[in-house]
Amino acid sequence: MSGGRILVYLLRRDLRTADNPILHSLSRTSGKHGYTHLLPVYVLPPDQIELSGLVKDGETSPYPCSLAEVSRYWKCGIHRVLFLAESIWDLKSKLEALRSGLIIRAGSFQDVLESIVEHYANHKEGPQVAAVWMAKGFLLEEVSEQQAIASFCKEARIRFSLFRDHRWFINDTELSARSIIELPNKFSKFHTRIGPVEDQPRRVLPPPLPFSLPSFPDIASLPAQQHPFEMSDTLFKFVGKMIKQVKPSTAFFEGAGLRGFAPALTPSGGETLARERLRIAIKNGLVSQYDTAVDDLQVEDIGFHMTAYLSLGCISARQVHEELVRLEQGTEPEYAEALGFGEGENPGTRALRTEMLHIDFIRLSNRKHGRSVYSIEGCGRSGQVPCPLGIESILVQFQVGATGFGLIDAIMRQLLSTGYISSRSQMLVANFLGKFAGVDWRFGVEWVASLSIEHDTSLHWHRWQHHIGIGPDSSGGEVTLSPAHAALEFDPDGSFVRKWMPELRRLTALPNLFNVATTSPELLQLLGLATSVMVTRPTAFTGS
């Protein structure tokens, strides 16, 4: 390979080719940007993802285990790892179709970038790294990564540029410091203030055409993965190595009386499926009914995992909006038979846009409140005062769905099995653990975030604070819900509980189904539930 100038594109939450500002800029200014080669790199950071599964035999990882700060749960659990891996590999195949490519590397951003720069510097006759580009992030770890990369690039005399992140729905994401400080604590006030901006978001950027990007470096010249890690060349091998460390053990389930339970590896990440699921949801009428079904526990995929795809940037909110416009204006023949075709905005499409705007609001709110988002006190005026006694047993039962309250347990089994948890479900389990059981809310959110395929801690933490009343808007936690009474409201026929709790299916009386300990000793004995922890150690009310 002769000399040239390499542009390194570090990817994080922009795992798509369409509506990608960096790829669009390069393809639009083909030949004028001054770069002969483009090297897209996805970095697996050790502070967010456990990398020990990628370590060569007989070696050890140079990084600490990737564990949550309070609970010491894996930060990136089994479903989360799978969804991320599928998203990365999908992007890799799409870039290859554009005659480009993607390399995946394990290590800190600075370590990975330093090794890449050093690799090409050692081959003085070949191209050299001239610039590093990435989309700007606002989460605490993203800002830290950007600062480390900027510092390294400055020292190495490499140009570093941050691009505006197109995952946002609203136009004006680069708000002034004063605007952030003055951000309302209630979403309703923000929604009113933002006004018509949500109705006219910017146009979606088209994907690049084949051969429009700078050349991908020769395969033979690519920098190798740093020691002691070994990168797999197929998705199947990669997933196998990554999940072997974070997969819950058999002893974990048996400790709560569950035998034979195993998570089902079902998540499907990536740009391709994000677009496909959105189109299917529109054609099936789910989108036009979003306002009525969003809180329905039985409609498991009402969000068609869109928040999960949005969280990794497999699809942008503007792309979702554009697809809704095609339905509403009747310009997409594929949607001709869909509910709401050509009839303008309807309550369902309006509700979906409001949900995407709400995600933007949460991100902005977390920029405003900073590290308090992750503290036990929360962002509100008064924090939680958790019960310090006997929480180990409560937490294990909560995690595996064995608290004795059917609806809570069904929600946790669904999460454990699939990696999916709805907004309504998250509200119920947050209220249960943080207020009803009186346990430090951070144990709950760290467990949910570990398993959920939604890769955005800012959303999880904000929602939990709101639901237990310690967030910027404390109104969500004003009431401590009775889990049995809540079940009567949200699962009135018990079908959701029976679906996810097979051992309870023969309990015909709803009071027994929703609170197993209320069942008669004779019936418990008959159904083989008499010794279950759901009966012998049901979670008791200890909140205020």
# chains A, B, ... in the order shown; residues from 1 in each chain; ligands from 1

$ residues_around --residues "Leu15 of chain A" --least-positions-apart "2" --cutoff "8 Å" --atoms "only C-alpha atoms" --output "list in words"
Leu11, Arg12, Arg13, Thr17, Ser87, Ile88, Leu91, Gly270, Glu271, Leu312, Gly313, Cys314 and Ile315 of chain A

$ residues_around --residues "His369 of chain A" --least-positions-apart "4" --cutoff "10 Å" --atoms "only C-alpha atoms" --output "PyMOL selection string"
chain A and resi 180-181+364-365+373-374+378-380+471-472

$ write_last_selection --atoms "all heavy atoms" --output "PDB file, in the first residue's frame"
ATOM      1  N   ILE A 180     -29.803  24.922  29.100  1.00  0.00           N
ATOM      2  CA  ILE A 180     -29.805  23.660  29.837  1.00  0.00           C
ATOM      3  C   ILE A 180     -30.205  23.910  31.285  1.00  0.00           C
ATOM      4  O   ILE A 180     -31.020  23.180  31.864  1.00  0.00           O
ATOM      5  CB  ILE A 180     -28.419  22.989  29.767  1.00  0.00           C
ATOM      6  CG1 ILE A 180     -28.122  22.522  28.339  1.00  0.00           C
ATOM      7  CG2 ILE A 180     -28.346  21.814  30.734  1.00  0.00           C
ATOM      8  CD1 ILE A 180     -29.004  21.394  27.861  1.00  0.00           C
ATOM      9  N   ILE A 181     -29.657  24.944  31.900  1.00  0.00           N
ATOM     10  CA  ILE A 181     -29.989  25.264  33.291  1.00  0.00           C
ATOM     11  C   ILE A 181     -31.477  25.579  33.430  1.00  0.00           C
ATOM     12  O   ILE A 181     -32.108  25.224  34.430  1.00  0.00           O
ATOM     13  CB  ILE A 181     -29.132  26.454  33.785  1.00  0.00           C
ATOM     14  CG1 ILE A 181     -27.662  26.025  33.875  1.00  0.00           C
ATOM     15  CG2 ILE A 181     -29.624  26.951  35.145  1.00  0.00           C
ATOM     16  CD1 ILE A 181     -26.722  27.167  34.190  1.00  0.00           C
ATOM     17  N   LEU A 364     -31.538  15.632  27.695  1.00  0.00           N
ATOM     18  CA  LEU A 364     -31.229  17.015  28.066  1.00  0.00           C
ATOM     19  C   LEU A 364     -31.272  17.194  29.589  1.00  0.00           C
ATOM     20  O   LEU A 364     -30.435  17.892  30.167  1.00  0.00           O
ATOM     21  CB  LEU A 364     -32.218  17.977  27.399  1.00  0.00           C
ATOM     22  CG  LEU A 364     -32.111  18.097  25.873  1.00  0.00           C
ATOM     23  CD1 LEU A 364     -33.285  18.895  25.330  1.00  0.00           C
ATOM     24  CD2 LEU A 364     -30.798  18.739  25.477  1.00  0.00           C
ATOM     25  N   SER A 365     -32.253  16.558  30.228  1.00  0.00           N
ATOM     26  CA  SER A 365     -32.381  16.654  31.677  1.00  0.00           C
ATOM     27  C   SER A 365     -31.156  16.064  32.364  1.00  0.00           C
ATOM     28  O   SER A 365     -30.662  16.608  33.365  1.00  0.00           O
ATOM     29  CB  SER A 365     -33.648  15.925  32.140  1.00  0.00           C
ATOM     30  OG  SER A 365     -33.793  15.998  33.542  1.00  0.00           O
ATOM     31  N   VAL A 373     -27.806  12.152  38.719  1.00  0.00           N
ATOM     32  CA  VAL A 373     -28.670  11.141  38.104  1.00  0.00           C
ATOM     33  C   VAL A 373     -28.348   9.757  38.657  1.00  0.00           C
ATOM     34  O   VAL A 373     -29.217   8.894  38.733  1.00  0.00           O
ATOM     35  CB  VAL A 373     -28.502  11.151  36.566  1.00  0.00           C
ATOM     36  CG1 VAL A 373     -29.252  10.000  35.915  1.00  0.00           C
ATOM     37  CG2 VAL A 373     -28.988  12.476  35.993  1.00  0.00           C
ATOM     38  N   TYR A 374     -27.092   9.542  39.063  1.00  0.00           N
ATOM     39  CA  TYR A 374     -26.650   8.220  39.490  1.00  0.00           C
ATOM     40  C   TYR A 374     -26.483   8.098  41.009  1.00  0.00           C
ATOM     41  O   TYR A 374     -26.001   7.076  41.494  1.00  0.00           O
ATOM     42  CB  TYR A 374     -25.327   7.877  38.792  1.00  0.00           C
ATOM     43  CG  TYR A 374     -25.434   7.922  37.282  1.00  0.00           C
ATOM     44  CD1 TYR A 374     -25.046   9.056  36.575  1.00  0.00           C
ATOM     45  CD2 TYR A 374     -25.959   6.854  36.567  1.00  0.00           C
ATOM     46  CE1 TYR A 374     -25.163   9.116  35.190  1.00  0.00           C
ATOM     47  CE2 TYR A 374     -26.080   6.895  35.189  1.00  0.00           C
ATOM     48  CZ  TYR A 374     -25.684   8.038  34.510  1.00  0.00           C
ATOM     49  OH  TYR A 374     -25.820   8.084  33.132  1.00  0.00           O
ATOM     50  N   GLY A 378     -30.732  11.054  44.184  1.00  0.00           N
ATOM     51  CA  GLY A 378     -31.449  11.434  42.983  1.00  0.00           C
ATOM     52  C   GLY A 378     -31.295  12.907  42.665  1.00  0.00           C
ATOM     53  O   GLY A 378     -30.475  13.613  43.248  1.00  0.00           O
ATOM     54  N   CYS A 379     -32.128  13.380  41.742  1.00  0.00           N
ATOM     55  CA  CYS A 379     -32.070  14.780  41.300  1.00  0.00           C
ATOM     56  C   CYS A 379     -33.068  15.652  42.043  1.00  0.00           C
ATOM     57  O   CYS A 379     -33.080  16.876  41.883  1.00  0.00           O
ATOM     58  CB  CYS A 379     -32.371  14.871  39.803  1.00  0.00           C
ATOM     59  SG  CYS A 379     -31.245  13.923  38.780  1.00  0.00           S
ATOM     60  N   GLY A 380     -33.943  15.048  42.846  1.00  0.00           N
ATOM     61  CA  GLY A 380     -34.983  15.809  43.520  1.00  0.00           C
ATOM     62  C   GLY A 380     -34.504  16.419  44.821  1.00  0.00           C
ATOM     63  O   GLY A 380     -33.327  16.396  45.174  1.00  0.00           O
ATOM     64  N   GLY A 471     -36.722  12.061  41.321  1.00  0.00           N
ATOM     65  CA  GLY A 471     -36.187  12.684  40.122  1.00  0.00           C
ATOM     66  C   GLY A 471     -36.508  14.164  40.069  1.00  0.00           C
ATOM     67  O   GLY A 471     -37.126  14.718  40.986  1.00  0.00           O
ATOM     68  N   PRO A 472     -36.107  14.834  38.990  1.00  0.00           N
ATOM     69  CA  PRO A 472     -36.425  16.258  38.833  1.00  0.00           C
ATOM     70  C   PRO A 472     -37.922  16.515  38.929  1.00  0.00           C
ATOM     71  O   PRO A 472     -38.356  17.500  39.514  1.00  0.00           O
ATOM     72  CB  PRO A 472     -35.888  16.570  37.436  1.00  0.00           C
ATOM     73  CG  PRO A 472     -34.816  15.550  37.198  1.00  0.00           C
ATOM     74  CD  PRO A 472     -35.292  14.322  37.892  1.00  0.00           C
TER      75      PRO A 472
END

$ closest_residue --among "A:Arg367, A:His33, A:Lys499, A:Lys136" --to "Leu10 of chain A" --atoms "only C-alpha atoms"
A:Lys136

$ residues_around --residues "Glu276 of chain A" --least-positions-apart "2" --cutoff "12 Å" --atoms "only C-alpha atoms" --output "MDAnalysis selection string"
chainID A and resid 268:274 278:283 304:306 309 314:315 320 323

$ write_last_selection --atoms "all heavy atoms" --output "short mmCIF file (atom, residue, chain, number, x, y, z; two decimals), in the first residue's frame"
data_model
loop_
_atom_site.label_atom_id
_atom_site.label_comp_id
_atom_site.auth_asym_id
_atom_site.auth_seq_id
_atom_site.Cartn_x
_atom_site.Cartn_y
_atom_site.Cartn_z
N SER A 268 -32.68 -9.13 18.27
CA SER A 268 -32.14 -9.01 16.91
C SER A 268 -31.84 -7.54 16.65
O SER A 268 -32.75 -6.76 16.37
CB SER A 268 -33.14 -9.54 15.89
OG SER A 268 -33.40 -10.91 16.11
N GLY A 269 -30.59 -7.18 16.77
CA GLY A 269 -30.21 -5.78 16.60
C GLY A 269 -29.79 -5.46 15.19
O GLY A 269 -29.67 -6.32 14.32
N GLY A 270 -29.56 -4.17 14.94
CA GLY A 270 -29.02 -3.75 13.66
C GLY A 270 -29.93 -2.82 12.87
O GLY A 270 -31.15 -2.79 13.05
N GLU A 271 -29.30 -2.06 11.98
CA GLU A 271 -30.01 -1.10 11.13
C GLU A 271 -31.03 -1.77 10.23
O GLU A 271 -32.15 -1.29 10.06
CB GLU A 271 -29.00 -0.33 10.28
CG GLU A 271 -29.62 0.69 9.34
CD GLU A 271 -28.59 1.39 8.48
OE1 GLU A 271 -27.41 0.95 8.46
OE2 GLU A 271 -28.94 2.39 7.83
N THR A 272 -30.67 -2.90 9.67
CA THR A 272 -31.57 -3.59 8.73
C THR A 272 -32.88 -3.95 9.41
O THR A 272 -33.97 -3.68 8.88
CB THR A 272 -30.90 -4.86 8.17
OG1 THR A 272 -29.68 -4.50 7.53
CG2 THR A 272 -31.81 -5.55 7.19
N LEU A 273 -32.80 -4.58 10.58
CA LEU A 273 -34.02 -5.00 11.28
C LEU A 273 -34.77 -3.81 11.86
O LEU A 273 -36.00 -3.86 11.99
CB LEU A 273 -33.68 -6.01 12.37
CG LEU A 273 -33.51 -7.44 11.87
CD1 LEU A 273 -33.00 -8.34 12.98
CD2 LEU A 273 -34.82 -7.99 11.32
N ALA A 274 -34.07 -2.76 12.24
CA ALA A 274 -34.75 -1.58 12.76
C ALA A 274 -35.70 -1.02 11.71
O ALA A 274 -36.88 -0.72 12.00
CB ALA A 274 -33.73 -0.52 13.16
N LEU A 278 -39.95 -1.32 11.79
CA LEU A 278 -40.77 -0.11 11.71
C LEU A 278 -41.79 -0.23 10.58
O LEU A 278 -42.96 0.10 10.77
CB LEU A 278 -39.87 1.11 11.48
CG LEU A 278 -40.58 2.45 11.29
CD1 LEU A 278 -41.44 2.78 12.50
CD2 LEU A 278 -39.56 3.56 11.03
N ARG A 279 -41.37 -0.69 9.43
CA ARG A 279 -42.29 -0.83 8.30
C ARG A 279 -43.39 -1.85 8.61
O ARG A 279 -44.56 -1.63 8.29
CB ARG A 279 -41.52 -1.25 7.04
CG ARG A 279 -40.66 -0.14 6.46
CD ARG A 279 -40.17 -0.50 5.07
NE ARG A 279 -39.25 -1.62 5.10
CZ ARG A 279 -37.93 -1.49 5.18
NH1 ARG A 279 -37.39 -0.28 5.24
NH2 ARG A 279 -37.15 -2.55 5.18
N ILE A 280 -43.01 -2.95 9.24
CA ILE A 280 -44.01 -3.98 9.59
C ILE A 280 -45.02 -3.43 10.59
O ILE A 280 -46.23 -3.66 10.48
CB ILE A 280 -43.31 -5.24 10.15
CG1 ILE A 280 -42.54 -5.95 9.04
CG2 ILE A 280 -44.33 -6.18 10.78
CD1 ILE A 280 -41.69 -7.11 9.53
N ALA A 281 -44.52 -2.67 11.58
CA ALA A 281 -45.41 -2.09 12.59
C ALA A 281 -46.39 -1.10 11.97
O ALA A 281 -47.54 -0.99 12.39
CB ALA A 281 -44.59 -1.41 13.68
N ILE A 282 -45.93 -0.37 10.96
CA ILE A 282 -46.82 0.56 10.27
C ILE A 282 -47.87 -0.21 9.48
O ILE A 282 -49.07 0.09 9.55
CB ILE A 282 -46.01 1.48 9.33
CG1 ILE A 282 -45.16 2.46 10.17
CG2 ILE A 282 -46.94 2.25 8.39
CD1 ILE A 282 -44.23 3.32 9.33
N LYS A 283 -47.45 -1.22 8.74
CA LYS A 283 -48.39 -1.99 7.91
C LYS A 283 -49.39 -2.77 8.76
O LYS A 283 -50.54 -2.96 8.36
CB LYS A 283 -47.61 -2.94 6.99
CG LYS A 283 -46.86 -2.20 5.89
CD LYS A 283 -46.31 -3.14 4.84
CE LYS A 283 -45.13 -3.91 5.34
NZ LYS A 283 -44.48 -4.69 4.24
N PHE A 304 -41.96 -2.14 19.22
CA PHE A 304 -41.18 -2.92 18.25
C PHE A 304 -39.70 -2.73 18.51
O PHE A 304 -38.88 -2.61 17.60
CB PHE A 304 -41.55 -2.58 16.80
CG PHE A 304 -42.13 -1.20 16.58
CD1 PHE A 304 -41.32 -0.15 16.21
CD2 PHE A 304 -43.48 -0.96 16.78
CE1 PHE A 304 -41.84 1.12 16.04
CE2 PHE A 304 -44.00 0.31 16.60
CZ PHE A 304 -43.18 1.35 16.23
N HIS A 305 -39.37 -2.64 19.82
CA HIS A 305 -37.99 -2.46 20.29
C HIS A 305 -37.36 -1.19 19.73
O HIS A 305 -36.14 -1.07 19.64
CB HIS A 305 -37.12 -3.66 19.91
CG HIS A 305 -37.54 -4.95 20.54
ND1 HIS A 305 -38.17 -5.01 21.76
CD2 HIS A 305 -37.42 -6.24 20.11
CE1 HIS A 305 -38.42 -6.28 22.05
NE2 HIS A 305 -37.98 -7.03 21.07
N MET A 306 -38.17 -0.22 19.32
CA MET A 306 -37.62 0.96 18.67
C MET A 306 -36.70 1.74 19.59
O MET A 306 -35.70 2.31 19.16
CB MET A 306 -38.75 1.85 18.15
CG MET A 306 -38.37 2.76 17.01
SD MET A 306 -37.50 1.96 15.62
CE MET A 306 -38.55 0.59 15.18
N TYR A 309 -33.30 0.19 19.36
CA TYR A 309 -32.61 0.58 18.14
C TYR A 309 -32.17 2.03 18.19
O TYR A 309 -31.07 2.39 17.74
CB TYR A 309 -33.52 0.35 16.92
CG TYR A 309 -33.80 -1.10 16.64
CD1 TYR A 309 -35.08 -1.62 16.77
CD2 TYR A 309 -32.79 -1.97 16.24
CE1 TYR A 309 -35.35 -2.96 16.50
CE2 TYR A 309 -33.05 -3.31 15.97
CZ TYR A 309 -34.33 -3.80 16.10
OH TYR A 309 -34.59 -5.11 15.84
N CYS A 314 -29.08 2.58 15.64
CA CYS A 314 -29.34 1.72 14.48
C CYS A 314 -30.35 2.40 13.55
O CYS A 314 -30.41 2.09 12.35
CB CYS A 314 -29.90 0.37 14.93
SG CYS A 314 -28.78 -0.56 16.00
N ILE A 315 -31.13 3.30 14.12
CA ILE A 315 -32.07 4.11 13.38
C ILE A 315 -32.17 5.44 14.13
O ILE A 315 -31.94 5.49 15.33
CB ILE A 315 -33.46 3.42 13.29
CG1 ILE A 315 -34.35 4.10 12.24
CG2 ILE A 315 -34.15 3.38 14.65
CD1 ILE A 315 -35.63 3.31 11.95
N VAL A 320 -37.63 7.60 11.78
CA VAL A 320 -38.95 7.14 12.21
C VAL A 320 -40.00 8.18 11.79
O VAL A 320 -41.04 7.84 11.23
CB VAL A 320 -38.99 6.92 13.73
CG1 VAL A 320 -40.39 6.52 14.17
CG2 VAL A 320 -37.97 5.85 14.14
N GLU A 323 -40.79 8.09 8.08
CA GLU A 323 -41.63 6.95 7.71
C GLU A 323 -43.08 7.20 8.11
O GLU A 323 -44.02 6.81 7.39
CB GLU A 323 -41.10 5.68 8.37
CG GLU A 323 -41.23 4.43 7.54
CD GLU A 323 -40.44 4.47 6.25
OE1 GLU A 323 -39.32 5.01 6.24
OE2 GLU A 323 -40.96 3.98 5.24
#

$ closest_residue --among "A:Met501, A:Leu297, A:Val439, A:Ala487" --to "Ser423 of chain A" --atoms "only C-alpha atoms"
A:Leu297

$ residues_around --residues "segment 68-78 of chain A" --least-positions-apart "3" --cutoff "7 Å" --atoms "only C-alpha atoms" --output "list in words"
Gln48, Ile49, Val81, Leu82, Ile243, Val246, Lys247, Arg442, Phe443, Glu446, Trp447, Ser450 and Leu451 of chain A

$ atom_distance --atom1 "atom CA of Glu392 of chain A" --atom2 "atom CA of Ala449 of chain A"
18.7 Å

$ residues_around --residues "Phe229 of chain A" --least-positions-apart "2" --cutoff "8 Å" --atoms "only C-alpha atoms" --output "list in words"
Leu54, Val55, Lys56, Ser61, Ala106, Gln225, Gln226, His227 and Met231 of chain A

$ write_last_selection --atoms "C-alpha atoms" --output "compact mmCIF listing (two decimals), in the first residue's frame"
# COMPACT_ATOMS: atom_id res chain seq x y z
CA LEU A 54 -12.12 -12.35 24.31
CA VAL A 55 -8.88 -12.97 26.21
CA LYS A 56 -6.57 -15.62 24.75
CA SER A 61 -7.48 -9.04 30.93
CA ALA A 106 -11.42 -4.43 22.41
CA GLN A 225 -6.14 -6.57 17.89
CA GLN A 226 -4.00 -5.68 20.90
CA HIS A 227 -2.72 -8.40 23.19
CA MET A 231 -11.19 -10.91 17.98

$ closest_residue --among "A:Ala437, A:Leu428, A:Ala509, A:Val497" --to "Gln397 of chain A" --atoms "only C-alpha atoms"
A:Ala437

$ decode --residues "segment 1-23 of chain A" --atoms "N, CA and C atoms" --output "PDB file, in the first residue's frame"
ATOM      1  N   MET A   1       0.852  -1.189   0.000  1.00  0.00           N
ATOM      2  CA  MET A   1       0.000   0.000   0.000  1.00  0.00           C
ATOM      3  C   MET A   1       0.889   1.240   0.000  1.00  0.00           C
ATOM      4  N   SER A   2       0.640   2.138  -0.948  1.00  0.00           N
ATOM      5  CA  SER A   2       1.415   3.367  -1.024  1.00  0.00           C
ATOM      6  C   SER A   2       0.930   4.354   0.016  1.00  0.00           C
ATOM      7  N   GLY A   3       1.609   5.533   0.099  1.00  0.00           N
ATOM      8  CA  GLY A   3       1.261   6.519   1.105  1.00  0.00           C
ATOM      9  C   GLY A   3      -0.137   7.083   0.929  1.00  0.00           C
ATOM     10  N   GLY A   4      -0.579   7.800   1.937  1.00  0.00           N
ATOM     11  CA  GLY A   4      -1.904   8.396   1.891  1.00  0.00           C
ATOM     12  C   GLY A   4      -2.293   8.906   3.262  1.00  0.00           C
ATOM     13  N   ARG A   5      -3.520   9.405   3.366  1.00  0.00           N
ATOM     14  CA  ARG A   5      -4.033   9.977   4.611  1.00  0.00           C
ATOM     15  C   ARG A   5      -5.253   9.176   5.067  1.00  0.00           C
ATOM     16  N   ILE A   6      -5.154   8.617   6.269  1.00  0.00           N
ATOM     17  CA  ILE A   6      -6.237   7.781   6.812  1.00  0.00           C
ATOM     18  C   ILE A   6      -7.113   8.600   7.748  1.00  0.00           C
ATOM     19  N   LEU A   7      -8.411   8.495   7.558  1.00  0.00           N
ATOM     20  CA  LEU A   7      -9.386   9.053   8.499  1.00  0.00           C
ATOM     21  C   LEU A   7      -9.938   7.902   9.326  1.00  0.00           C
ATOM     22  N   VAL A   8      -9.745   7.955  10.641  1.00  0.00           N
ATOM     23  CA  VAL A   8     -10.297   6.936  11.543  1.00  0.00           C
ATOM     24  C   VAL A   8     -11.656   7.421  12.038  1.00  0.00           C
ATOM     25  N   TYR A   9     -12.687   6.630  11.805  1.00  0.00           N
ATOM     26  CA  TYR A   9     -14.041   6.953  12.237  1.00  0.00           C
ATOM     27  C   TYR A   9     -14.386   6.038  13.412  1.00  0.00           C
ATOM     28  N   LEU A  10     -14.430   6.614  14.624  1.00  0.00           N
ATOM     29  CA  LEU A  10     -14.749   5.842  15.827  1.00  0.00           C
ATOM     30  C   LEU A  10     -16.258   5.853  16.041  1.00  0.00           C
ATOM     31  N   LEU A  11     -16.873   4.683  16.017  1.00  0.00           N
ATOM     32  CA  LEU A  11     -18.323   4.563  16.158  1.00  0.00           C
ATOM     33  C   LEU A  11     -18.701   4.216  17.584  1.00  0.00           C
ATOM     34  N   ARG A  12     -19.844   4.756  18.020  1.00  0.00           N
ATOM     35  CA  ARG A  12     -20.373   4.426  19.341  1.00  0.00           C
ATOM     36  C   ARG A  12     -21.879   4.172  19.228  1.00  0.00           C
ATOM     37  N   ARG A  13     -22.659   5.246  19.182  1.00  0.00           N
ATOM     38  CA  ARG A  13     -24.115   5.113  19.125  1.00  0.00           C
ATOM     39  C   ARG A  13     -24.644   5.623  17.786  1.00  0.00           C
ATOM     40  N   ASP A  14     -23.907   5.334  16.732  1.00  0.00           N
ATOM     41  CA  ASP A  14     -24.310   5.735  15.381  1.00  0.00           C
ATOM     42  C   ASP A  14     -24.133   4.548  14.427  1.00  0.00           C
ATOM     43  N   LEU A  15     -24.735   3.413  14.817  1.00  0.00           N
ATOM     44  CA  LEU A  15     -24.531   2.160  14.089  1.00  0.00           C
ATOM     45  C   LEU A  15     -25.485   2.027  12.909  1.00  0.00           C
ATOM     46  N   ARG A  16     -25.375   2.948  11.970  1.00  0.00           N
ATOM     47  CA  ARG A  16     -26.220   2.929  10.771  1.00  0.00           C
ATOM     48  C   ARG A  16     -25.477   3.639   9.639  1.00  0.00           C
ATOM     49  N   THR A  17     -25.910   3.352   8.413  1.00  0.00           N
ATOM     50  CA  THR A  17     -25.332   4.007   7.238  1.00  0.00           C
ATOM     51  C   THR A  17     -26.212   5.151   6.759  1.00  0.00           C
ATOM     52  N   ALA A  18     -27.531   5.045   6.937  1.00  0.00           N
ATOM     53  CA  ALA A  18     -28.446   6.121   6.548  1.00  0.00           C
ATOM     54  C   ALA A  18     -28.548   7.149   7.672  1.00  0.00           C
ATOM     55  N   ASP A  19     -28.779   8.408   7.293  1.00  0.00           N
ATOM     56  CA  ASP A  19     -28.874   9.508   8.255  1.00  0.00           C
ATOM     57  C   ASP A  19     -27.655   9.529   9.175  1.00  0.00           C
ATOM     58  N   ASN A  20     -26.511   9.257   8.585  1.00  0.00           N
ATOM     59  CA  ASN A  20     -25.248   9.267   9.315  1.00  0.00           C
ATOM     60  C   ASN A  20     -24.446  10.478   8.842  1.00  0.00           C
ATOM     61  N   PRO A  21     -24.287  11.504   9.674  1.00  0.00           N
ATOM     62  CA  PRO A  21     -23.656  12.745   9.217  1.00  0.00           C
ATOM     63  C   PRO A  21     -22.207  12.583   8.775  1.00  0.00           C
ATOM     64  N   ILE A  22     -21.478  11.672   9.379  1.00  0.00           N
ATOM     65  CA  ILE A  22     -20.073  11.485   9.016  1.00  0.00           C
ATOM     66  C   ILE A  22     -19.952  10.809   7.660  1.00  0.00           C
ATOM     67  N   LEU A  23     -20.686   9.715   7.458  1.00  0.00           N
ATOM     68  CA  LEU A  23     -20.639   9.032   6.172  1.00  0.00           C
ATOM     69  C   LEU A  23     -21.197   9.925   5.058  1.00  0.00           C
TER      70      LEU A  23
END
